[in-house]
$ cat input_18.pdb   # PDB, C-alpha atoms
ATOM      1  CA  MET E 137     -75.520 -18.097  23.697  1.00  0.00           C
ATOM      2  CA  ARG E 138     -74.650 -21.622  24.717  1.00  0.00           C
ATOM      3  CA  ARG E 139     -72.790 -22.115  27.984  1.00  0.00           C
ATOM      4  CA  TRP E 140     -69.189 -23.234  27.667  1.00  0.00           C
ATOM      5  CA  SER E 141     -67.369 -25.660  29.927  1.00  0.00           C
ATOM      6  CA  ASN E 142     -64.796 -24.169  32.291  1.00  0.00           C
ATOM      7  CA  GLU E 143     -61.981 -25.656  30.204  1.00  0.00           C
ATOM      8  CA  THR E 144     -63.327 -24.105  27.019  1.00  0.00           C
ATOM      9  CA  ALA E 145     -63.878 -20.752  28.703  1.00  0.00           C
ATOM     10  CA  ILE E 146     -60.343 -20.679  30.041  1.00  0.00           C
ATOM     11  CA  ALA E 147     -58.936 -21.594  26.626  1.00  0.00           C
ATOM     12  CA  CYS E 148     -60.935 -18.820  25.002  1.00  0.00           C
ATOM     13  CA  CYS E 149     -59.791 -16.359  27.657  1.00  0.00           C
ATOM     14  CA  LEU E 150     -56.233 -17.159  26.733  1.00  0.00           C
ATOM     15  CA  ALA E 151     -56.912 -16.837  23.021  1.00  0.00           C
ATOM     16  CA  ALA E 152     -58.774 -13.562  23.380  1.00  0.00           C
ATOM     17  CA  LEU E 153     -56.290 -11.898  25.670  1.00  0.00           C
ATOM     18  CA  GLY E 154     -53.290 -13.267  23.802  1.00  0.00           C
ATOM     19  CA  VAL E 155     -51.300 -13.755  27.012  1.00  0.00           C
ATOM     20  CA  ALA E 156     -51.054 -16.195  29.886  1.00  0.00           C
ATOM     21  CA  LEU E 157     -53.696 -15.322  32.454  1.00  0.00           C
ATOM     22  CA  ALA E 158     -51.023 -14.541  35.015  1.00  0.00           C
ATOM     23  CA  GLY E 159     -49.399 -12.179  32.530  1.00  0.00           C
ATOM     24  CA  SER E 160     -45.773 -11.257  31.985  1.00  0.00           C
ATOM     25  CA  GLN E 161     -44.380  -7.737  31.928  1.00  0.00           C
ATOM     26  CA  ALA E 162     -41.462  -8.854  29.797  1.00  0.00           C
ATOM     27  CA  GLY E 163     -43.739 -10.380  27.208  1.00  0.00           C
ATOM     28  CA  ALA E 164     -46.052  -7.393  27.301  1.00  0.00           C
ATOM     29  CA  ALA E 165     -43.220  -4.965  26.629  1.00  0.00           C
ATOM     30  CA  GLU E 166     -42.287  -6.819  23.438  1.00  0.00           C
ATOM     31  CA  ARG E 167     -45.739  -6.834  21.899  1.00  0.00           C
ATOM     32  CA  GLU E 168     -47.127  -4.185  19.581  1.00  0.00           C
ATOM     33  CA  LEU E 169     -50.646  -3.178  18.709  1.00  0.00           C
ATOM     34  CA  ALA E 170     -51.989  -5.074  15.735  1.00  0.00           C
ATOM     35  CA  ALA E 171     -53.017  -1.755  14.202  1.00  0.00           C
ATOM     36  CA  HIS E 172     -51.369   1.294  15.740  1.00  0.00           C
ATOM     37  CA  GLN E 173     -53.760   4.134  15.054  1.00  0.00           C
ATOM     38  CA  HIS E 174     -53.978   7.217  17.225  1.00  0.00           C
ATOM     39  CA  GLY E 175     -57.290   7.479  19.041  1.00  0.00           C
ATOM     40  CA  HIS E 176     -58.024   3.764  18.737  1.00  0.00           C
ATOM     41  CA  GLY E 177     -57.211   1.162  21.387  1.00  0.00           C
ATOM     42  CA  LEU E 178     -58.002  -2.451  22.203  1.00  0.00           C
ATOM     43  CA  LEU E 179     -59.828  -3.584  25.345  1.00  0.00           C
ATOM     44  CA  ASN E 180     -60.141  -7.295  26.128  1.00  0.00           C
ATOM     45  CA  ILE E 181     -62.411  -8.483  28.930  1.00  0.00           C
ATOM     46  CA  ALA E 182     -62.759 -12.079  30.134  1.00  0.00           C
ATOM     47  CA  ILE E 183     -64.871 -13.454  32.981  1.00  0.00           C
ATOM     48  CA  GLU E 184     -64.553 -17.055  34.110  1.00  0.00           C
ATOM     49  CA  GLY E 185     -66.121 -18.067  37.376  1.00  0.00           C
ATOM     50  CA  LYS E 186     -65.343 -15.313  39.864  1.00  0.00           C
ATOM     51  CA  SER E 187     -62.254 -14.152  37.994  1.00  0.00           C
ATOM     52  CA  LEU E 188     -62.200 -11.042  35.820  1.00  0.00           C
ATOM     53  CA  TRP E 189     -59.315 -10.336  33.449  1.00  0.00           C
ATOM     54  CA  ILE E 190     -58.911  -7.070  31.583  1.00  0.00           C
ATOM     55  CA  GLU E 191     -56.248  -6.126  29.056  1.00  0.00           C
ATOM     56  CA  LEU E 192     -55.796  -2.692  27.495  1.00  0.00           C
ATOM     57  CA  GLU E 193     -53.519  -1.800  24.586  1.00  0.00           C
ATOM     58  CA  THR E 194     -53.539   1.772  23.361  1.00  0.00           C
ATOM     59  CA  PRO E 195     -51.259   4.172  21.477  1.00  0.00           C
ATOM     60  CA  GLY E 196     -49.223   6.356  23.805  1.00  0.00           C
ATOM     61  CA  ALA E 197     -50.544   9.529  22.212  1.00  0.00           C
ATOM     62  CA  ASP E 198     -54.011   8.659  23.525  1.00  0.00           C
ATOM     63  CA  ILE E 199     -52.689   8.508  27.074  1.00  0.00           C
ATOM     64  CA  VAL E 200     -49.969  11.160  27.411  1.00  0.00           C
ATOM     65  CA  GLY E 201     -50.247  13.091  24.158  1.00  0.00           C
ATOM     66  CA  PHE E 202     -46.837  12.119  22.752  1.00  0.00           C
ATOM     67  CA  GLU E 203     -44.910   9.055  21.608  1.00  0.00           C
ATOM     68  CA  HIS E 204     -41.282  10.216  21.607  1.00  0.00           C
ATOM     69  CA  PRO E 205     -38.740   8.889  24.130  1.00  0.00           C
ATOM     70  CA  ALA E 206     -39.161  10.526  27.523  1.00  0.00           C
ATOM     71  CA  ARG E 207     -36.234  12.911  27.951  1.00  0.00           C
ATOM     72  CA  SER E 208     -37.589  15.805  29.978  1.00  0.00           C
ATOM     73  CA  ASP E 209     -38.823  15.740  33.554  1.00  0.00           C
ATOM     74  CA  GLU E 210     -42.222  16.772  32.220  1.00  0.00           C
ATOM     75  CA  ASP E 211     -42.328  13.748  29.895  1.00  0.00           C
ATOM     76  CA  LYS E 212     -41.391  11.384  32.708  1.00  0.00           C
ATOM     77  CA  ALA E 213     -43.901  12.950  35.075  1.00  0.00           C
ATOM     78  CA  ALA E 214     -46.651  12.565  32.462  1.00  0.00           C
ATOM     79  CA  ILE E 215     -45.853   8.875  32.018  1.00  0.00           C
ATOM     80  CA  ASN E 216     -45.767   8.239  35.769  1.00  0.00           C
ATOM     81  CA  LYS E 217     -49.082  10.069  36.201  1.00  0.00           C
ATOM     82  CA  ALA E 218     -50.616   7.984  33.425  1.00  0.00           C
ATOM     83  CA  LYS E 219     -49.374   4.769  35.020  1.00  0.00           C
ATOM     84  CA  GLY E 220     -51.070   5.780  38.249  1.00  0.00           C
ATOM     85  CA  ARG E 221     -54.351   6.496  36.495  1.00  0.00           C
ATOM     86  CA  LEU E 222     -54.182   3.225  34.571  1.00  0.00           C
ATOM     87  CA  SER E 223     -53.631   1.298  37.809  1.00  0.00           C
ATOM     88  CA  ASP E 224     -57.286   1.782  38.846  1.00  0.00           C
ATOM     89  CA  PRO E 225     -59.363  -0.515  36.617  1.00  0.00           C
ATOM     90  CA  ILE E 226     -62.364  -0.472  38.945  1.00  0.00           C
ATOM     91  CA  GLY E 227     -62.824   3.262  38.467  1.00  0.00           C
ATOM     92  CA  LEU E 228     -61.457   3.504  34.945  1.00  0.00           C
ATOM     93  CA  PHE E 229     -63.708   0.816  33.477  1.00  0.00           C
ATOM     94  CA  GLY E 230     -66.727   1.385  35.717  1.00  0.00           C
ATOM     95  CA  ILE E 231     -66.801  -2.018  37.399  1.00  0.00           C
ATOM     96  CA  PRO E 232     -70.023  -1.931  39.471  1.00  0.00           C
ATOM     97  CA  ALA E 233     -69.705  -1.919  43.261  1.00  0.00           C
ATOM     98  CA  ALA E 234     -72.388  -4.615  43.444  1.00  0.00           C
ATOM     99  CA  ALA E 235     -69.921  -7.102  41.937  1.00  0.00           C
ATOM    100  CA  SER E 236     -67.606  -6.636  44.972  1.00  0.00           C
ATOM    101  CA  CYS E 237     -64.432  -6.979  42.888  1.00  0.00           C
ATOM    102  CA  THR E 238     -60.977  -6.861  44.423  1.00  0.00           C
ATOM    103  CA  LEU E 239     -57.904  -6.061  42.355  1.00  0.00           C
ATOM    104  CA  GLU E 240     -55.365  -8.863  42.769  1.00  0.00           C
ATOM    105  CA  GLU E 241     -52.812  -8.155  40.043  1.00  0.00           C
ATOM    106  CA  VAL E 242     -52.042  -5.126  37.904  1.00  0.00           C
ATOM    107  CA  SER E 243     -49.321  -4.468  35.330  1.00  0.00           C
ATOM    108  CA  VAL E 244     -49.018  -1.156  33.483  1.00  0.00           C
ATOM    109  CA  THR E 245     -46.216  -1.007  30.929  1.00  0.00           C
ATOM    110  CA  PRO E 246     -45.308   2.012  28.788  1.00  0.00           C
ATOM    111  CA  VAL E 247     -43.604   0.660  25.661  1.00  0.00           C
ATOM    112  CA  GLY E 248     -41.296   2.695  23.435  1.00  0.00           C
ATOM    113  CA  TYR E 249     -40.592   5.574  25.809  1.00  0.00           C
ATOM    114  CA  ALA E 250     -37.216   4.414  27.123  1.00  0.00           C
ATOM    115  CA  LEU E 251     -34.111   6.165  25.845  1.00  0.00           C
ATOM    116  CA  ASP E 252     -31.531   4.256  23.794  1.00  0.00           C
ATOM    117  CA  THR E 253     -28.824   3.067  26.196  1.00  0.00           C
ATOM    118  CA  ASP E 254     -26.190   2.239  23.578  1.00  0.00           C
ATOM    119  CA  ASP E 255     -24.054   5.154  24.760  1.00  0.00           C
ATOM    120  CA  ASP E 256     -23.772   3.534  28.190  1.00  0.00           C
ATOM    121  CA  HIS E 257     -22.196   0.465  26.612  1.00  0.00           C
ATOM    122  CA  HIS E 258     -19.714   2.625  24.736  1.00  0.00           C
ATOM    123  CA  ASP E 259     -18.480   4.014  28.053  1.00  0.00           C
ATOM    124  CA  GLU E 260     -17.196   0.541  28.928  1.00  0.00           C
ATOM    125  CA  ASP E 261     -14.878   0.412  25.865  1.00  0.00           C
ATOM    126  CA  ASP E 262     -11.176   1.213  25.908  1.00  0.00           C
ATOM    127  CA  GLY E 263     -10.231   4.889  26.027  1.00  0.00           C
ATOM    128  CA  HIS E 264      -9.247   5.306  22.389  1.00  0.00           C
ATOM    129  CA  ASP E 265     -12.251   3.336  21.232  1.00  0.00           C
ATOM    130  CA  HIS E 266     -14.459   5.540  23.360  1.00  0.00           C
ATOM    131  CA  ASP E 267     -12.995   8.679  21.760  1.00  0.00           C
ATOM    132  CA  GLU E 268     -13.576   7.270  18.304  1.00  0.00           C
ATOM    133  CA  HIS E 269     -17.170   6.516  19.195  1.00  0.00           C
ATOM    134  CA  GLU E 270     -17.580  10.038  20.589  1.00  0.00           C
ATOM    135  CA  GLU E 271     -16.447  11.492  17.248  1.00  0.00           C
ATOM    136  CA  ALA E 272     -18.711   9.132  15.358  1.00  0.00           C
ATOM    137  CA  HIS E 273     -21.701  10.204  17.435  1.00  0.00           C
ATOM    138  CA  GLU E 274     -21.093  13.803  16.392  1.00  0.00           C
ATOM    139  CA  ASP E 275     -21.310  13.005  12.703  1.00  0.00           C
ATOM    140  CA  GLU E 276     -24.311  14.268  10.820  1.00  0.00           C
ATOM    141  CA  ASP E 277     -25.033  10.780   9.560  1.00  0.00           C
ATOM    142  CA  HIS E 278     -25.404   9.568  13.127  1.00  0.00           C
ATOM    143  CA  GLY E 279     -27.720  12.443  13.858  1.00  0.00           C
ATOM    144  CA  ASP E 280     -29.900  11.463  10.953  1.00  0.00           C
ATOM    145  CA  HIS E 281     -29.864   7.848  12.088  1.00  0.00           C
ATOM    146  CA  GLU E 282     -30.837   8.790  15.628  1.00  0.00           C
ATOM    147  CA  GLU E 283     -33.650  11.001  14.377  1.00  0.00           C
ATOM    148  CA  ALA E 284     -34.952   8.198  12.182  1.00  0.00           C
ATOM    149  CA  HIS E 285     -34.703   5.812  15.126  1.00  0.00           C
ATOM    150  CA  GLU E 286     -36.739   8.156  17.301  1.00  0.00           C
ATOM    151  CA  ASP E 287     -39.320   8.584  14.548  1.00  0.00           C
ATOM    152  CA  GLU E 288     -39.696   4.817  14.400  1.00  0.00           C
ATOM    153  CA  MET E 289     -40.082   4.610  18.177  1.00  0.00           C
ATOM    154  CA  GLU E 290     -42.624   7.441  18.122  1.00  0.00           C
ATOM    155  CA  SER E 291     -44.799   5.551  15.675  1.00  0.00           C
ATOM    156  CA  HIS E 292     -44.980   2.536  17.979  1.00  0.00           C
ATOM    157  CA  ALA E 293     -44.995   3.880  21.551  1.00  0.00           C
ATOM    158  CA  GLU E 294     -47.965   2.591  23.506  1.00  0.00           C
ATOM    159  CA  PHE E 295     -49.347   1.625  26.885  1.00  0.00           C
ATOM    160  CA  HIS E 296     -50.162  -1.943  27.758  1.00  0.00           C
ATOM    161  CA  ALA E 297     -52.058  -2.778  30.955  1.00  0.00           C
ATOM    162  CA  GLU E 298     -53.228  -6.082  32.393  1.00  0.00           C
ATOM    163  CA  TYR E 299     -55.511  -6.603  35.371  1.00  0.00           C
ATOM    164  CA  ARG E 300     -56.780  -9.597  37.328  1.00  0.00           C
ATOM    165  CA  LEU E 301     -59.653  -9.196  39.755  1.00  0.00           C
ATOM    166  CA  GLN E 302     -61.705 -11.516  41.950  1.00  0.00           C
ATOM    167  CA  CYS E 303     -65.403 -10.707  42.165  1.00  0.00           C
ATOM    168  CA  ALA E 304     -67.774 -11.992  44.823  1.00  0.00           C
ATOM    169  CA  ASP E 305     -70.746 -11.510  42.491  1.00  0.00           C
ATOM    170  CA  PRO E 306     -69.574 -11.394  38.866  1.00  0.00           C
ATOM    171  CA  ALA E 307     -73.196 -11.776  37.703  1.00  0.00           C
ATOM    172  CA  ALA E 308     -73.650  -8.141  38.750  1.00  0.00           C
ATOM    173  CA  ILE E 309     -71.344  -7.092  35.909  1.00  0.00           C
ATOM    174  CA  THR E 310     -73.969  -6.670  33.225  1.00  0.00           C
ATOM    175  CA  SER E 311     -72.442  -3.487  31.831  1.00  0.00           C
ATOM    176  CA  LEU E 312     -69.413  -1.259  32.279  1.00  0.00           C
ATOM    177  CA  THR E 313     -69.703   2.508  31.989  1.00  0.00           C
ATOM    178  CA  LEU E 314     -66.183   3.632  31.150  1.00  0.00           C
ATOM    179  CA  THR E 315     -64.654   6.823  32.516  1.00  0.00           C
ATOM    180  CA  TYR E 316     -61.624   6.024  30.359  1.00  0.00           C
ATOM    181  CA  PHE E 317     -62.535   8.640  27.755  1.00  0.00           C
ATOM    182  CA  ASP E 318     -62.950  11.326  30.411  1.00  0.00           C
ATOM    183  CA  VAL E 319     -59.593  10.523  31.984  1.00  0.00           C
ATOM    184  CA  PHE E 320     -57.838  10.276  28.606  1.00  0.00           C
ATOM    185  CA  PRO E 321     -59.565  12.721  26.225  1.00  0.00           C
ATOM    186  CA  GLY E 322     -57.115  11.857  23.444  1.00  0.00           C
ATOM    187  CA  ALA E 323     -58.802   8.471  23.090  1.00  0.00           C
ATOM    188  CA  GLU E 324     -61.561   8.237  20.498  1.00  0.00           C
ATOM    189  CA  GLU E 325     -62.523   4.571  20.440  1.00  0.00           C
ATOM    190  CA  LEU E 326     -61.915   1.207  22.066  1.00  0.00           C
ATOM    191  CA  GLU E 327     -62.465  -2.041  20.220  1.00  0.00           C
ATOM    192  CA  VAL E 328     -63.751  -4.425  22.883  1.00  0.00           C
ATOM    193  CA  THR E 329     -63.454  -8.211  22.890  1.00  0.00           C
ATOM    194  CA  LEU E 330     -65.630 -10.022  25.450  1.00  0.00           C
ATOM    195  CA  VAL E 331     -65.260 -13.595  26.657  1.00  0.00           C
ATOM    196  CA  THR E 332     -67.538 -15.006  29.357  1.00  0.00           C
ATOM    197  CA  ASP E 333     -68.947 -18.385  30.385  1.00  0.00           C
ATOM    198  CA  ASP E 334     -71.889 -17.646  28.091  1.00  0.00           C
ATOM    199  CA  GLY E 335     -69.935 -16.890  24.936  1.00  0.00           C
ATOM    200  CA  GLN E 336     -67.918 -14.197  23.277  1.00  0.00           C
ATOM    201  CA  GLY E 337     -68.490 -11.032  21.310  1.00  0.00           C
ATOM    202  CA  ARG E 338     -67.099  -7.766  20.050  1.00  0.00           C
ATOM    203  CA  GLN E 339     -68.259  -4.177  20.242  1.00  0.00           C
ATOM    204  CA  GLU E 340     -66.922  -0.661  19.999  1.00  0.00           C
ATOM    205  CA  VAL E 341     -67.206   2.066  22.607  1.00  0.00           C
ATOM    206  CA  THR E 342     -66.646   5.784  22.119  1.00  0.00           C
ATOM    207  CA  PRO E 343     -66.849   8.933  24.259  1.00  0.00           C
ATOM    208  CA  ALA E 344     -70.431   9.390  22.988  1.00  0.00           C
ATOM    209  CA  GLU E 345     -71.343   5.787  23.875  1.00  0.00           C
ATOM    210  CA  PRO E 346     -68.938   4.611  26.587  1.00  0.00           C
ATOM    211  CA  VAL E 347     -70.935   1.616  27.816  1.00  0.00           C
ATOM    212  CA  VAL E 348     -69.768  -1.979  27.368  1.00  0.00           C
ATOM    213  CA  ASN E 349     -72.714  -4.383  27.503  1.00  0.00           C
ATOM    214  CA  LEU E 350     -72.015  -7.866  28.843  1.00  0.00           C
ATOM    215  CA  ASP E 351     -75.565  -9.194  28.930  1.00  0.00           C
ATOM    216  CA  GLY E 352     -76.306  -9.058  25.205  1.00  0.00           C
ATOM    217  CA  ASP E 353     -77.772 -11.940  23.242  1.00  0.00           C
TER     218      ASP E 353
END

$ encode --input "input_18.pdb" --output "structure tokens"
Amino acid sequence: MRRWSNETAIACCLAALGVALAGSQAGAAERELAAHQHGHGLLNIAIEGKSLWIELETPGADIVGFEHPARSDEDKAAINKAKGRLSDPIGLFGIPAAASCTLEEVSVTPVGYALDTDDDHHDEDDGHDHDEHEEAHEDEDHGDHEEAHEDEMESHAEFHAEYRLQCADPAAITSLTLTYFDVFPGAEELEVTLVTDDGQGRQEVTPAEPVVNLDGD
């Protein structure tokens, strides 16, 4: 592969990751997977100089086993546990110790699990209006609408994580042996996009073959 200039590499990092390198939780929460298919996620990896950026987008079912709004304490605990596990990219993605990478920024965002807060706004209405809304919420039509709304949310709930690391010896990152599939057994495949100073490429990793190669031709 031909070597790119720093400017070109940075531009390609931005294009591949689809976000500003610094990231934005607000922007991340609004995005959806290009193809939301259970078992299949997207992993973007970019190395420029001593900086390593990683972005993960994956259906929520792969991570916590469900995609409905989190109502129960068990649901909320599962999401919080998943966020903790996803906050360790060095272990999760098998970043080699020889690279001496330090995690500088991390953002883990569960999307689609928040409950609808419309009822809270209704509480601010006048008394009689509030009563009317209460009656309306008890109608069967509203129940059907709410169920349909939850079904729509369930089909799109996902986890989005972004990481920025600084590595003393990024050349030591020739491959990544993922523990991701062991930690999240609901995941079946990750489509990987790679961008480095030497070029770019794509590959797929699975539980049977969980190694991302960065030193390919």

$ residues_around --input "input_18.pdb" --residues "Tyr316 in chain E" --least-positions-apart "4" --cutoff "12 Å" --atoms "only C-alpha atoms" --output "number ranges by chain"
E: 177, 179, 192, 194, 198-199, 218, 221-231, 312, 320-326, 341-348

$ closest_residue --input "input_18.pdb" --among "E:Asp211, E:Glu327, E:Glu294, E:Asp305" --to "Ser236 in chain E" --atoms "all atoms listed in the file"
E:Asp305

$ atom_distance --input "input_18.pdb" --atom1 "CA of Val242 in chain E" --atom2 "CA of Leu178 in chain E"
17.0 Å

$ closest_residue --input "input_18.pdb" --among "E:Gly185, E:Gly196, E:Gly248, E:Gly201" --to "Ala304 in chain E" --atoms "all atoms listed in the file"
E:Gly185

$ closest_residue --input "input_18.pdb" --among "E:Val331, E:Ile309, E:Ala197, E:Val247" --to "Ala234 in chain E" --atoms "all atoms listed in the file"
E:Ile309

$ atom_distance --input "input_18.pdb" --atom1 "CA of Pro232 in chain E" --atom2 "CA of Ile181 in chain E"
14.6 Å

$ atom_distance --input "input_18.pdb" --atom1 "CA of Gln302 in chain E" --atom2 "CA of Leu350 in chain E"
17.1 Å
